[in-house]
$ cat data17.cif   # mmCIF, C-alpha atoms
data_coords
#
loop_
_atom_site.label_atom_id
_atom_site.label_comp_id
_atom_site.auth_asym_id
_atom_site.auth_seq_id
_atom_site.Cartn_x
_atom_site.Cartn_y
_atom_site.Cartn_z
CA MET A 1 -7.94 -3.50 6.36
CA THR A 2 -7.76 0.09 7.63
CA ARG A 3 -4.69 0.74 9.72
CA THR A 4 -4.93 2.93 12.77
CA VAL A 5 -2.29 4.16 15.16
CA THR A 6 -1.51 1.43 17.66
CA ASP A 7 0.46 3.42 20.27
CA ARG A 8 -2.46 5.05 22.05
CA ALA A 9 -1.16 5.51 25.61
CA PRO A 10 -2.02 8.99 26.94
CA LEU A 11 0.67 11.61 26.56
CA ALA A 12 1.21 14.28 29.17
CA ALA A 13 1.48 17.90 28.07
CA PRO A 14 4.89 18.33 26.44
CA SER A 15 7.35 19.80 28.90
CA ARG A 16 10.05 20.81 26.45
CA THR A 17 10.75 21.26 22.78
CA LEU A 18 12.32 18.27 21.04
CA ARG A 19 14.56 18.99 18.05
CA ILE A 20 14.50 16.28 15.39
CA ALA A 21 16.96 15.92 12.53
CA SER A 22 14.49 14.29 10.16
CA VAL A 23 15.68 12.75 6.90
CA PRO A 24 13.82 14.29 5.17
CA ALA A 25 11.67 16.99 6.82
CA SER A 26 9.83 18.40 3.78
CA HIS A 27 8.30 15.15 2.48
CA VAL A 28 4.50 15.16 2.88
CA TYR A 29 4.60 12.05 5.08
CA VAL A 30 6.90 13.77 7.58
CA ARG A 31 5.10 17.12 7.44
CA HIS A 32 1.85 15.39 8.35
CA LEU A 33 3.33 13.91 11.51
CA SER A 34 2.67 17.24 13.21
CA PRO A 35 -0.81 17.87 14.64
CA VAL A 36 -3.21 20.29 12.96
CA GLY A 37 -3.64 23.54 14.84
CA GLN A 38 -1.86 22.29 17.95
CA ALA A 39 1.62 22.59 19.41
CA ASP A 40 3.33 19.29 20.26
CA ARG A 41 6.69 21.06 20.68
CA VAL A 42 8.42 18.77 18.20
CA VAL A 43 10.57 20.81 15.82
CA ARG A 44 12.01 19.15 12.74
CA LEU A 45 15.10 20.81 11.30
CA PRO A 46 14.60 22.10 7.73
CA ASP A 47 16.29 20.07 5.01
CA PRO A 48 19.73 21.57 4.30
CA ARG A 49 20.16 22.58 0.69
CA PRO A 50 22.91 20.68 -1.15
CA ALA A 51 25.99 22.75 -1.93
CA ASP A 52 25.50 22.22 -5.67
CA GLY A 53 21.80 23.06 -5.48
CA ARG A 54 20.59 19.64 -6.69
CA THR A 55 17.05 18.96 -5.53
CA VAL A 56 13.87 17.28 -6.65
CA PRO A 57 10.31 18.53 -5.96
CA GLY A 58 10.02 18.71 -2.20
CA GLY A 59 13.62 19.83 -1.87
CA TRP A 60 14.98 16.95 0.17
CA TRP A 61 17.21 15.05 -2.25
CA PRO A 62 20.07 14.36 -1.89
CA PRO A 63 19.87 14.26 1.92
CA VAL A 64 22.67 16.45 3.24
CA MET A 65 22.12 15.19 6.80
CA LEU A 66 23.17 11.65 5.83
CA ASP A 67 26.81 12.49 6.28
CA PRO A 68 28.97 11.78 9.34
CA GLN A 69 30.65 15.17 8.94
CA TRP A 70 27.32 17.00 8.90
CA ILE A 71 26.34 15.18 12.10
CA ARG A 72 29.66 16.06 13.72
CA ARG A 73 29.26 19.75 12.83
CA HIS A 74 25.58 20.04 13.74
CA GLN A 75 25.06 17.53 16.58
CA HIS A 76 24.40 20.36 19.03
CA GLN A 77 21.35 21.43 16.96
CA PHE A 78 19.24 18.28 17.37
CA ASP A 79 18.17 15.79 20.04
CA VAL A 80 17.11 12.80 17.90
CA PHE A 81 18.12 11.68 14.41
CA HIS A 82 15.16 10.17 12.50
CA ILE A 83 15.66 8.48 9.11
CA HIS A 84 12.72 7.96 6.74
CA PHE A 85 13.84 8.11 3.09
CA GLY A 86 16.70 9.21 0.91
CA PHE A 87 19.51 6.76 1.63
CA ASP A 88 19.22 4.87 -1.68
CA ALA A 89 22.70 5.87 -2.82
CA VAL A 90 24.38 5.78 0.60
CA GLU A 91 26.78 2.87 1.02
CA PRO A 92 26.23 0.61 4.05
CA GLU A 93 29.70 1.56 5.29
CA VAL A 94 28.69 5.22 5.33
CA LEU A 95 25.49 4.37 7.18
CA ALA A 96 27.62 2.52 9.75
CA ASP A 97 29.78 5.64 10.10
CA ILE A 98 26.63 7.72 10.61
CA VAL A 99 25.51 5.34 13.36
CA GLY A 100 28.95 5.58 14.97
CA GLU A 101 28.92 9.37 14.86
CA LEU A 102 25.46 9.49 16.46
CA ARG A 103 26.58 7.16 19.22
CA GLU A 104 29.72 9.17 19.86
CA HIS A 105 27.60 12.26 20.51
CA GLY A 106 24.85 10.43 22.42
CA LYS A 107 22.18 11.08 19.80
CA PRO A 108 19.44 8.42 19.52
CA LEU A 109 18.55 7.02 16.10
CA VAL A 110 14.94 6.36 15.08
CA TYR A 111 14.28 4.61 11.77
CA THR A 112 10.91 4.31 10.03
CA ALA A 113 11.00 1.31 7.69
CA HIS A 114 8.81 2.47 4.81
CA ASP A 115 10.37 0.06 2.32
CA LEU A 116 11.59 -3.44 3.08
CA ARG A 117 12.17 -3.79 -0.67
CA ASN A 118 13.26 -0.71 -2.58
CA PRO A 119 10.84 -0.19 -5.51
CA HIS A 120 13.56 1.52 -7.57
CA GLN A 121 16.12 -1.28 -7.37
CA PRO A 122 15.68 -4.58 -9.26
CA ASP A 123 18.30 -6.31 -7.08
CA PRO A 124 17.21 -6.42 -3.42
CA GLN A 125 20.69 -7.05 -2.03
CA GLY A 126 21.80 -3.42 -1.86
CA HIS A 127 18.76 -2.28 0.11
CA ARG A 128 19.00 -5.33 2.34
CA ALA A 129 22.61 -4.42 3.20
CA GLN A 130 21.46 -0.93 4.18
CA LEU A 131 18.66 -2.33 6.35
CA ASP A 132 21.18 -4.67 7.97
CA VAL A 133 22.87 -1.53 9.31
CA LEU A 134 19.85 0.63 10.15
CA ILE A 135 17.44 -1.85 11.72
CA PRO A 136 19.83 -3.40 14.30
CA ALA A 137 21.32 0.02 15.16
CA ALA A 138 18.09 1.97 15.64
CA ASP A 139 17.12 2.89 19.19
CA ALA A 140 13.49 2.69 18.04
CA LEU A 141 11.88 1.28 14.91
CA ILE A 142 8.63 2.27 13.25
CA THR A 143 6.78 0.76 10.29
CA LEU A 144 3.35 1.21 8.75
CA THR A 145 1.65 -2.20 8.82
CA PRO A 146 1.57 -5.30 11.01
CA GLY A 147 2.78 -7.41 8.08
CA ALA A 148 5.91 -5.31 7.69
CA ALA A 149 6.43 -5.42 11.46
CA ALA A 150 6.18 -9.22 11.44
CA GLU A 151 8.72 -9.42 8.61
CA ILE A 152 11.14 -7.19 10.51
CA GLU A 153 10.75 -9.33 13.60
CA LYS A 154 11.34 -12.47 11.53
CA GLN A 155 14.39 -11.14 9.66
CA TRP A 156 16.09 -9.03 12.33
CA GLY A 157 14.54 -9.97 15.66
CA ARG A 158 13.34 -6.40 16.32
CA THR A 159 9.78 -5.37 17.17
CA PRO A 160 8.77 -2.06 15.56
CA HIS A 161 6.02 0.32 16.54
CA VAL A 162 3.21 0.10 13.97
CA LEU A 163 1.98 3.58 13.08
CA SER A 164 -0.34 4.24 10.16
CA HIS A 165 0.37 6.50 7.20
CA PRO A 166 -1.05 10.03 7.61
CA HIS A 167 -3.23 11.72 5.02
CA VAL A 168 -1.49 12.91 1.86
CA VAL A 169 -3.76 15.53 0.28
CA GLN A 170 -5.13 18.69 1.86
CA ARG A 171 -8.38 18.96 3.79
CA ARG A 172 -10.25 20.80 1.02
CA LEU A 173 -9.55 17.93 -1.38
CA ILE A 174 -10.53 15.26 1.14
CA GLU A 175 -13.84 17.07 1.58
CA ALA A 176 -14.36 17.87 -2.12
CA PRO A 177 -17.27 16.06 -3.81
CA ARG A 178 -16.57 13.37 -6.41
CA SER A 179 -17.55 14.17 -9.99
CA VAL A 180 -16.56 11.05 -12.00
CA GLU A 181 -19.52 10.23 -14.27
CA GLN A 182 -18.22 7.04 -15.86
CA PHE A 183 -16.04 4.20 -14.64
CA VAL A 184 -12.43 5.12 -15.41
CA LEU A 185 -9.72 2.64 -14.45
CA GLY A 186 -6.27 4.24 -14.41
CA VAL A 187 -2.84 2.65 -14.74
CA HIS A 188 -0.01 5.16 -14.46
CA ALA A 189 3.18 3.55 -15.74
CA LYS A 190 5.16 6.70 -14.77
CA SER A 191 8.73 6.14 -16.00
CA LEU A 192 8.67 2.37 -15.60
CA ARG A 193 10.61 2.21 -12.35
CA ALA A 194 12.11 -1.16 -11.44
CA ASN A 195 9.08 -2.68 -9.69
CA MET A 196 6.62 -1.86 -12.48
CA ASP A 197 5.48 -4.42 -15.04
CA PRO A 198 2.36 -2.96 -16.66
CA LEU A 199 2.19 -4.84 -19.99
CA PRO A 200 0.82 -8.22 -18.79
CA VAL A 201 -1.62 -6.41 -16.51
CA LEU A 202 -2.85 -4.17 -19.32
CA GLU A 203 -3.50 -7.15 -21.59
CA VAL A 204 -6.03 -8.43 -19.09
CA LEU A 205 -7.47 -5.02 -18.26
CA ALA A 206 -8.12 -4.16 -21.90
CA GLU A 207 -10.27 -7.27 -22.26
CA THR A 208 -12.07 -6.84 -18.93
CA ILE A 209 -12.92 -3.20 -19.64
CA ARG A 210 -14.54 -4.14 -22.95
CA SER A 211 -17.08 -6.23 -21.07
CA LEU A 212 -18.06 -3.49 -18.58
CA PRO A 213 -20.68 -1.04 -19.90
CA GLY A 214 -19.43 2.55 -19.95
CA ALA A 215 -15.97 1.66 -18.65
CA VAL A 216 -12.72 3.21 -19.87
CA LEU A 217 -9.12 2.17 -19.30
CA ARG A 218 -6.77 5.17 -19.02
CA ILE A 219 -3.02 4.59 -19.37
CA ASP A 220 -0.55 7.34 -18.49
CA VAL A 221 3.20 7.35 -19.10
CA HIS A 222 5.97 9.92 -18.76
CA ASP A 223 7.42 11.42 -21.94
CA GLU A 224 11.01 10.81 -20.79
CA LEU A 225 10.65 7.18 -21.96
CA PHE A 226 11.01 8.61 -25.49
CA GLU A 227 13.92 10.99 -24.84
CA PRO A 228 17.30 9.57 -26.03
CA GLY A 229 19.95 9.90 -23.37
CA ASN A 230 17.42 10.00 -20.56
CA HIS A 231 18.00 7.51 -17.73
CA TRP A 232 14.48 6.13 -18.31
CA TYR A 233 14.73 5.95 -22.11
CA ASP A 234 12.75 2.87 -23.19
CA PRO A 235 11.04 3.55 -26.52
CA ASP A 236 10.13 -0.08 -27.16
CA THR A 237 8.08 -0.44 -23.98
CA GLY A 238 6.74 3.06 -24.51
CA ALA A 239 5.55 2.11 -27.99
CA ALA A 240 3.89 -1.03 -26.61
CA LEU A 241 2.04 1.11 -24.08
CA ILE A 242 0.93 3.59 -26.73
CA ASP A 243 -0.27 0.72 -28.91
CA PHE A 244 -2.96 -0.10 -26.35
CA GLY A 245 -4.64 3.12 -27.47
CA ARG A 246 -5.72 1.30 -30.64
CA ARG A 247 -8.03 -0.91 -28.59
CA PRO A 248 -11.65 -0.11 -27.78
CA ASP A 249 -12.28 2.01 -24.67
CA VAL A 250 -8.57 2.60 -23.98
CA ASP A 251 -7.18 6.13 -23.58
CA VAL A 252 -3.36 6.53 -23.59
CA ARG A 253 -1.70 9.80 -22.55
CA VAL A 254 2.00 10.72 -22.68
CA HIS A 255 3.10 13.73 -20.64
CA GLU A 256 5.64 15.23 -18.26
CA TYR A 257 5.60 14.55 -14.53
CA PHE A 258 2.45 15.81 -12.89
CA THR A 259 2.74 18.59 -10.36
CA ASP A 260 1.07 17.76 -7.05
CA SER A 261 -2.08 19.64 -8.04
CA GLN A 262 -2.17 17.88 -11.41
CA LEU A 263 -1.70 14.52 -9.70
CA TRP A 264 -4.61 15.11 -7.32
CA GLN A 265 -6.75 16.20 -10.27
CA TYR A 266 -5.75 13.07 -12.19
CA LEU A 267 -6.52 10.71 -9.29
CA SER A 268 -9.84 12.45 -8.63
CA ALA A 269 -10.83 11.84 -12.26
CA LEU A 270 -10.38 8.07 -11.82
CA SER A 271 -12.86 5.61 -10.41
CA ALA A 272 -10.00 3.26 -9.59
CA SER A 273 -6.20 3.25 -9.77
CA LEU A 274 -4.29 0.01 -10.32
CA LEU A 275 -0.75 -0.42 -8.98
CA PRO A 276 1.22 -2.59 -11.47
CA TYR A 277 3.96 -3.50 -9.01
CA ARG A 278 5.86 -6.80 -8.96
CA PHE A 279 7.44 -5.91 -5.59
CA GLY A 280 7.30 -3.21 -2.94
CA THR A 281 6.13 -2.60 0.60
CA HIS A 282 3.91 0.45 1.20
CA SER A 283 2.44 3.24 -0.93
CA GLY A 284 1.79 6.94 -0.49
CA TRP A 285 -0.09 6.84 -3.82
CA LEU A 286 -2.55 4.44 -2.23
CA GLU A 287 -3.08 6.83 0.68
CA ALA A 288 -3.77 9.72 -1.69
CA CYS A 289 -6.38 7.59 -3.46
CA TYR A 290 -8.03 6.85 -0.12
CA ASP A 291 -8.10 10.58 0.67
CA LEU A 292 -9.76 11.35 -2.67
CA GLY A 293 -12.24 8.45 -2.80
CA THR A 294 -10.52 6.65 -5.68
CA ALA A 295 -10.58 2.86 -5.35
CA VAL A 296 -7.26 1.02 -5.40
CA ILE A 297 -6.50 -2.33 -7.01
CA ALA A 298 -3.26 -3.49 -5.40
CA PRO A 299 -0.91 -6.40 -6.08
CA SER A 300 -0.54 -9.21 -3.56
CA CYS A 301 3.15 -8.40 -3.00
CA GLY A 302 4.12 -6.12 -0.13
CA PHE A 303 1.60 -4.95 2.46
CA TYR A 304 -0.54 -2.53 0.48
CA HIS A 305 -3.73 -4.32 1.46
CA GLN A 306 -2.97 -3.66 5.14
CA GLN A 307 -2.76 0.10 4.67
CA ARG A 308 -6.32 0.85 3.54
CA PRO A 309 -9.23 -1.16 2.10
CA CYS A 310 -8.49 -2.14 -1.50
CA ALA A 311 -9.06 -4.88 -4.04
CA VAL A 312 -6.15 -7.30 -4.42
CA PHE A 313 -4.92 -9.42 -7.34
CA GLY A 314 -2.14 -11.98 -7.48
CA PHE A 315 1.01 -10.28 -8.76
CA ASP A 316 4.61 -10.55 -7.61
CA GLU A 317 8.03 -11.44 -8.99
CA THR A 318 7.15 -15.08 -9.58
CA HIS A 319 3.51 -15.19 -10.64
CA PHE A 320 0.55 -13.31 -12.11
CA ASP A 321 -3.02 -14.44 -11.48
CA ALA A 322 -4.98 -12.99 -14.39
CA GLU A 323 -8.30 -14.35 -13.14
CA SER A 324 -7.91 -12.62 -9.78
CA LEU A 325 -7.22 -9.34 -11.61
CA ASP A 326 -10.39 -9.70 -13.65
CA ARG A 327 -12.36 -10.40 -10.46
CA ALA A 328 -10.82 -7.42 -8.67
CA VAL A 329 -11.75 -5.02 -11.47
CA ARG A 330 -15.33 -6.31 -11.56
CA ALA A 331 -15.64 -6.00 -7.78
CA VAL A 332 -14.46 -2.39 -7.87
CA TYR A 333 -16.77 -1.66 -10.80
CA GLU A 334 -19.77 -2.89 -8.76
CA ASN A 335 -18.95 -1.24 -5.44
CA ARG A 336 -18.37 2.27 -4.17
CA ALA A 337 -14.80 3.03 -3.13
CA PRO A 338 -14.03 3.66 0.55
CA ARG A 339 -12.96 7.22 1.28
CA ALA A 340 -11.27 9.04 4.13
CA ASP A 341 -13.10 11.77 6.01
CA TRP A 342 -11.34 14.80 7.42
CA PRO A 343 -12.32 14.37 11.10
CA SER A 344 -10.86 10.85 11.12
CA ARG A 345 -7.74 11.86 9.23
CA ARG A 346 -7.22 14.83 11.55
CA ALA A 347 -7.66 12.66 14.66
CA GLU A 348 -5.26 10.09 13.21
CA ARG A 349 -2.69 12.81 12.59
CA THR A 350 -3.02 14.01 16.19
CA GLU A 351 -2.44 10.46 17.44
CA LEU A 352 0.55 10.02 15.13
CA ALA A 353 2.11 13.22 16.44
CA ALA A 354 1.64 12.07 20.03
CA ALA A 355 3.01 8.60 19.27
CA HIS A 356 6.12 10.03 17.63
CA ARG A 357 6.78 12.43 20.50
CA ARG A 358 6.39 9.55 22.94
CA ILE A 359 8.95 7.48 21.00
CA TYR A 360 11.39 10.39 20.96
CA GLU A 361 11.00 10.84 24.72
CA GLN A 362 11.53 7.12 25.30
CA VAL A 363 14.81 6.96 23.35
CA LEU A 364 16.07 10.12 25.05
CA ALA A 365 15.31 8.65 28.48
CA ARG A 366 17.50 5.58 27.95
#

$ encode --input "data17.cif" --output "structure tokens"
Amino acid sequence: MTRTVTDRAPLAAPSRTLRIASVPASHVYVRHLSPVGQADRVVRLPDPRPADGRTVPGGWWPPVMLDPQWIRRHQHQFDVFHIHFGFDAVEPEVLADIVGELREHGKPLVYTAHDLRNPHQPDPQGHRAQLDVLIPAADALITLTPGAAAEIEKQWGRTPHVLSHPHVVQRRLIEAPRSVEQFVLGVHAKSLRANMDPLPVLEVLAETIRSLPGAVLRIDVHDELFEPGNHWYDPDTGAALIDFGRRPDVDVRVHEYFTDSQLWQYLSALSASLLPYRFGTHSGWLEACYDLGTAVIAPSCGFYHQQRPCAVFGFDETHFDAESLDRAVRAVYENRAPRADWPSRRAERTELAAAHRRIYEQVLAR
């Protein structure tokens, strides 16, 4: 189902500027919480650069703000502390210290629960311990789907605001015409992060694609799987992925990480993108596909199907329903993919900005 913003109460004209220490600020999700061409007077502090210069694309890792000492030194510069991503390597004890520092200075904490299960960690216990600090301590909680909200209420007894994911790609790409001439089903194995299990899925897809006239299965994988000493080094699985290229109508490509522009070009060249995830919660990749008009075939784990319309197959940590995967591919092959339009995405972004400002005002008024 398509998720829309649920907090729709009217918002009066903003009376003052609110300063938000957002962790992070430069991620596309956070950047698109500001309205287009309007002033909502919500200012998010820029991500501080780490002292040693370590960053990833986007510039927000590791998150310098997630430090009690940073909060102590800079608490006069922000009104609300809002955590989104980036605490993977932060110990629960440090998160508790962060909460304590915020409380000492009277700074409200807002937490957006993007992931109830960290897709990069095979053992859920570490992430659960972090959530056991953040979710009870937050002055306000946000999540992206009603399913995730229900799980939070069940596990922690808190009721989050449900606010949809904003658009990911730029307007010109949302409005760009589609030019895919044949049915191309893509599976991007990336660097085989913890929640990915593409091999059993690909076995089924290779057979299904053979029976669909004009269809091609495209498999992409990062070259770091073949680099000795690399954290993701896994030549055996990499070789198994490459071996699918021997089969009819299967195209395997090994390459470096895509830049954003290369990623949008890749997704636009697909008819459908399949997410080979055994566990997870939500997906920005899925939102980008929706922006570009690329169909999504999502696993039954997590709450992907509640973000945007997509085909679903049975796939989680305990089972794989091969027949449901075959049916999902055939359904996508026969039907046109749903696609975002810019007026709706822009209106959604305006509503998201208003909803976030309203939440910030509410926690400051307590």

$ resolve_selection --input "data17.cif" --expression "the PyMOL selection byres ((chain A and resi 327) around 12)" --output "MDAnalysis selection string"
chainID A and resid 204:205 208:209 297 311:314 321:326 328:334

$ atom_distance --input "data17.cif" --atom1 "CA of Val216 in chain A" --atom2 "CA of Tyr266 in chain A"
14.3 Å

$ closest_residue --input "data17.cif" --among "A:Leu275, A:Ala150, A:Met65, A:Ile142" --to "Thr112 in chain A" --atoms "all atoms listed in the file"
A:Ile142

$ closest_residue --input "data17.cif" --among "A:Arg247, A:His114, A:Arg253, A:Arg278" --to "Ala149 in chain A" --atoms "only C-alpha atoms"
A:His114

$ resolve_selection --input "data17.cif" --expression "the PyMOL selection byres ((chain A and resi 282-287) around 7)" --output "mmCIF file with C-alpha atoms, in the coordinates of the input"
data_model
loop_
_atom_site.group_PDB
_atom_site.id
_atom_site.type_symbol
_atom_site.label_atom_id
_atom_site.label_comp_id
_atom_site.auth_asym_id
_atom_site.auth_seq_id
_atom_site.Cartn_x
_atom_site.Cartn_y
_atom_site.Cartn_z
ATOM 1 C CA HIS A 114 8.810 2.470 4.810
ATOM 2 C CA ASP A 115 10.370 0.060 2.320
ATOM 3 C CA HIS A 167 -3.230 11.720 5.020
ATOM 4 C CA VAL A 168 -1.490 12.910 1.860
ATOM 5 C CA GLY A 280 7.300 -3.210 -2.940
ATOM 6 C CA THR A 281 6.130 -2.600 0.600
ATOM 7 C CA ALA A 288 -3.770 9.720 -1.690
ATOM 8 C CA CYS A 289 -6.380 7.590 -3.460
ATOM 9 C CA TYR A 290 -8.030 6.850 -0.120
ATOM 10 C CA ASP A 291 -8.100 10.580 0.670
ATOM 11 C CA VAL A 296 -7.260 1.020 -5.400
ATOM 12 C CA GLY A 302 4.120 -6.120 -0.130
ATOM 13 C CA PHE A 303 1.600 -4.950 2.460
ATOM 14 C CA TYR A 304 -0.540 -2.530 0.480
#

$ resolve_selection --input "data17.cif" --expression "the PyMOL selection byres ((chain A and resi 171) around 10)" --output "list in words"
His167, Val168, Val169, Gln170, Arg172, Leu173, Ile174, Glu175, Ala176, Asp291, Asp341, Trp342, Pro343, Arg345 and Arg346 of chain A

$ residues_around --input "data17.cif" --residues "Glu93 in chain A" --least-positions-apart "5" --cutoff "10 Å" --atoms "all atoms listed in the file" --output "list in words"
Ile98, Val99, Ala129, Gln130 and Val133 of chain A

$ closest_residue --input "data17.cif" --among "A:Tyr360, A:Trp264, A:Phe320, A:Tyr277" --to "Pro122 in chain A" --atoms "all atoms listed in the file"
A:Tyr277

$ atom_distance --input "data17.cif" --atom1 "CA of Pro124 in chain A" --atom2 "CA of Tyr257 in chain A"
26.4 Å

$ atom_distance --input "data17.cif" --atom1 "CA of Ser34 in chain A" --atom2 "CA of Ala353 in chain A"
5.2 Å

$ closest_residue --input "data17.cif" --among "A:Ala21, A:Glu91, A:Ala239, A:Gly293" --to "Asp79 in chain A" --atoms "all atoms listed in the file"
A:Ala21

$ closest_residue --input "data17.cif" --among "A:Val184, A:Ala51, A:Ala347, A:Ala215" --to "Ala269 in chain A" --atoms "all atoms listed in the file"
A:Val184

$ closest_residue --input "data17.cif" --among "A:Pro166, A:Ala189, A:Pro248, A:Glu256" --to "Ala340 in chain A" --atoms "only C-alpha atoms"
A:Pro166

$ decode --input "data17.cif" --residues "range 227-267 of chain A" --atoms "C-alpha atoms" --output "PDB file, in the first residue's frame"
ATOM      1  CA  GLU A 227      39.825  -8.047  -3.308  1.00  0.00           C
ATOM      2  CA  PRO A 228      41.922  -9.956  -0.702  1.00  0.00           C
ATOM      3  CA  GLY A 229      42.064  -8.109   2.582  1.00  0.00           C
ATOM      4  CA  ASN A 230      38.822  -6.269   1.922  1.00  0.00           C
ATOM      5  CA  HIS A 231      36.201  -6.510   4.673  1.00  0.00           C
ATOM      6  CA  TRP A 232      33.733  -7.896   2.110  1.00  0.00           C
ATOM      7  CA  TYR A 233      36.143 -10.366   0.511  1.00  0.00           C
ATOM      8  CA  ASP A 234      34.084 -13.433  -0.468  1.00  0.00           C
ATOM      9  CA  PRO A 235      35.433 -14.909  -3.712  1.00  0.00           C
ATOM     10  CA  ASP A 236      33.477 -18.151  -3.425  1.00  0.00           C
ATOM     11  CA  THR A 237      30.083 -16.450  -3.346  1.00  0.00           C
ATOM     12  CA  GLY A 238      31.317 -13.987  -5.938  1.00  0.00           C
ATOM     13  CA  ALA A 239      32.275 -16.851  -8.247  1.00  0.00           C
ATOM     14  CA  ALA A 240      28.859 -18.452  -7.745  1.00  0.00           C
ATOM     15  CA  LEU A 241      27.216 -15.181  -8.743  1.00  0.00           C
ATOM     16  CA  ILE A 242      29.402 -14.826 -11.829  1.00  0.00           C
ATOM     17  CA  ASP A 243      28.600 -18.411 -12.803  1.00  0.00           C
ATOM     18  CA  PHE A 244      24.966 -17.439 -13.373  1.00  0.00           C
ATOM     19  CA  GLY A 245      26.224 -15.560 -16.423  1.00  0.00           C
ATOM     20  CA  ARG A 246      26.625 -18.922 -18.179  1.00  0.00           C
ATOM     21  CA  ARG A 247      22.859 -19.364 -18.189  1.00  0.00           C
ATOM     22  CA  PRO A 248      20.536 -18.170 -20.948  1.00  0.00           C
ATOM     23  CA  ASP A 249      19.274 -14.589 -20.691  1.00  0.00           C
ATOM     24  CA  VAL A 250      21.409 -13.757 -17.630  1.00  0.00           C
ATOM     25  CA  ASP A 251      23.751 -10.750 -17.618  1.00  0.00           C
ATOM     26  CA  VAL A 252      26.289 -10.504 -14.743  1.00  0.00           C
ATOM     27  CA  ARG A 253      28.268  -7.317 -14.109  1.00  0.00           C
ATOM     28  CA  VAL A 254      31.063  -6.732 -11.577  1.00  0.00           C
ATOM     29  CA  HIS A 255      31.964  -3.123 -10.803  1.00  0.00           C
ATOM     30  CA  GLU A 256      32.780  -0.518  -8.171  1.00  0.00           C
ATOM     31  CA  TYR A 257      30.110   1.225  -6.120  1.00  0.00           C
ATOM     32  CA  PHE A 258      27.790   3.282  -8.265  1.00  0.00           C
ATOM     33  CA  THR A 259      27.777   7.021  -7.807  1.00  0.00           C
ATOM     34  CA  ASP A 260      24.296   8.427  -7.199  1.00  0.00           C
ATOM     35  CA  SER A 261      23.912   9.354 -10.859  1.00  0.00           C
ATOM     36  CA  GLN A 262      25.073   5.900 -11.948  1.00  0.00           C
ATOM     37  CA  LEU A 263      22.645   4.292  -9.508  1.00  0.00           C
ATOM     38  CA  TRP A 264      19.684   6.261 -10.855  1.00  0.00           C
ATOM     39  CA  GLN A 265      20.744   5.354 -14.398  1.00  0.00           C
ATOM     40  CA  TYR A 266      20.992   1.684 -13.412  1.00  0.00           C
ATOM     41  CA  LEU A 267      17.563   1.609 -11.737  1.00  0.00           C
TER      42      LEU A 267
END
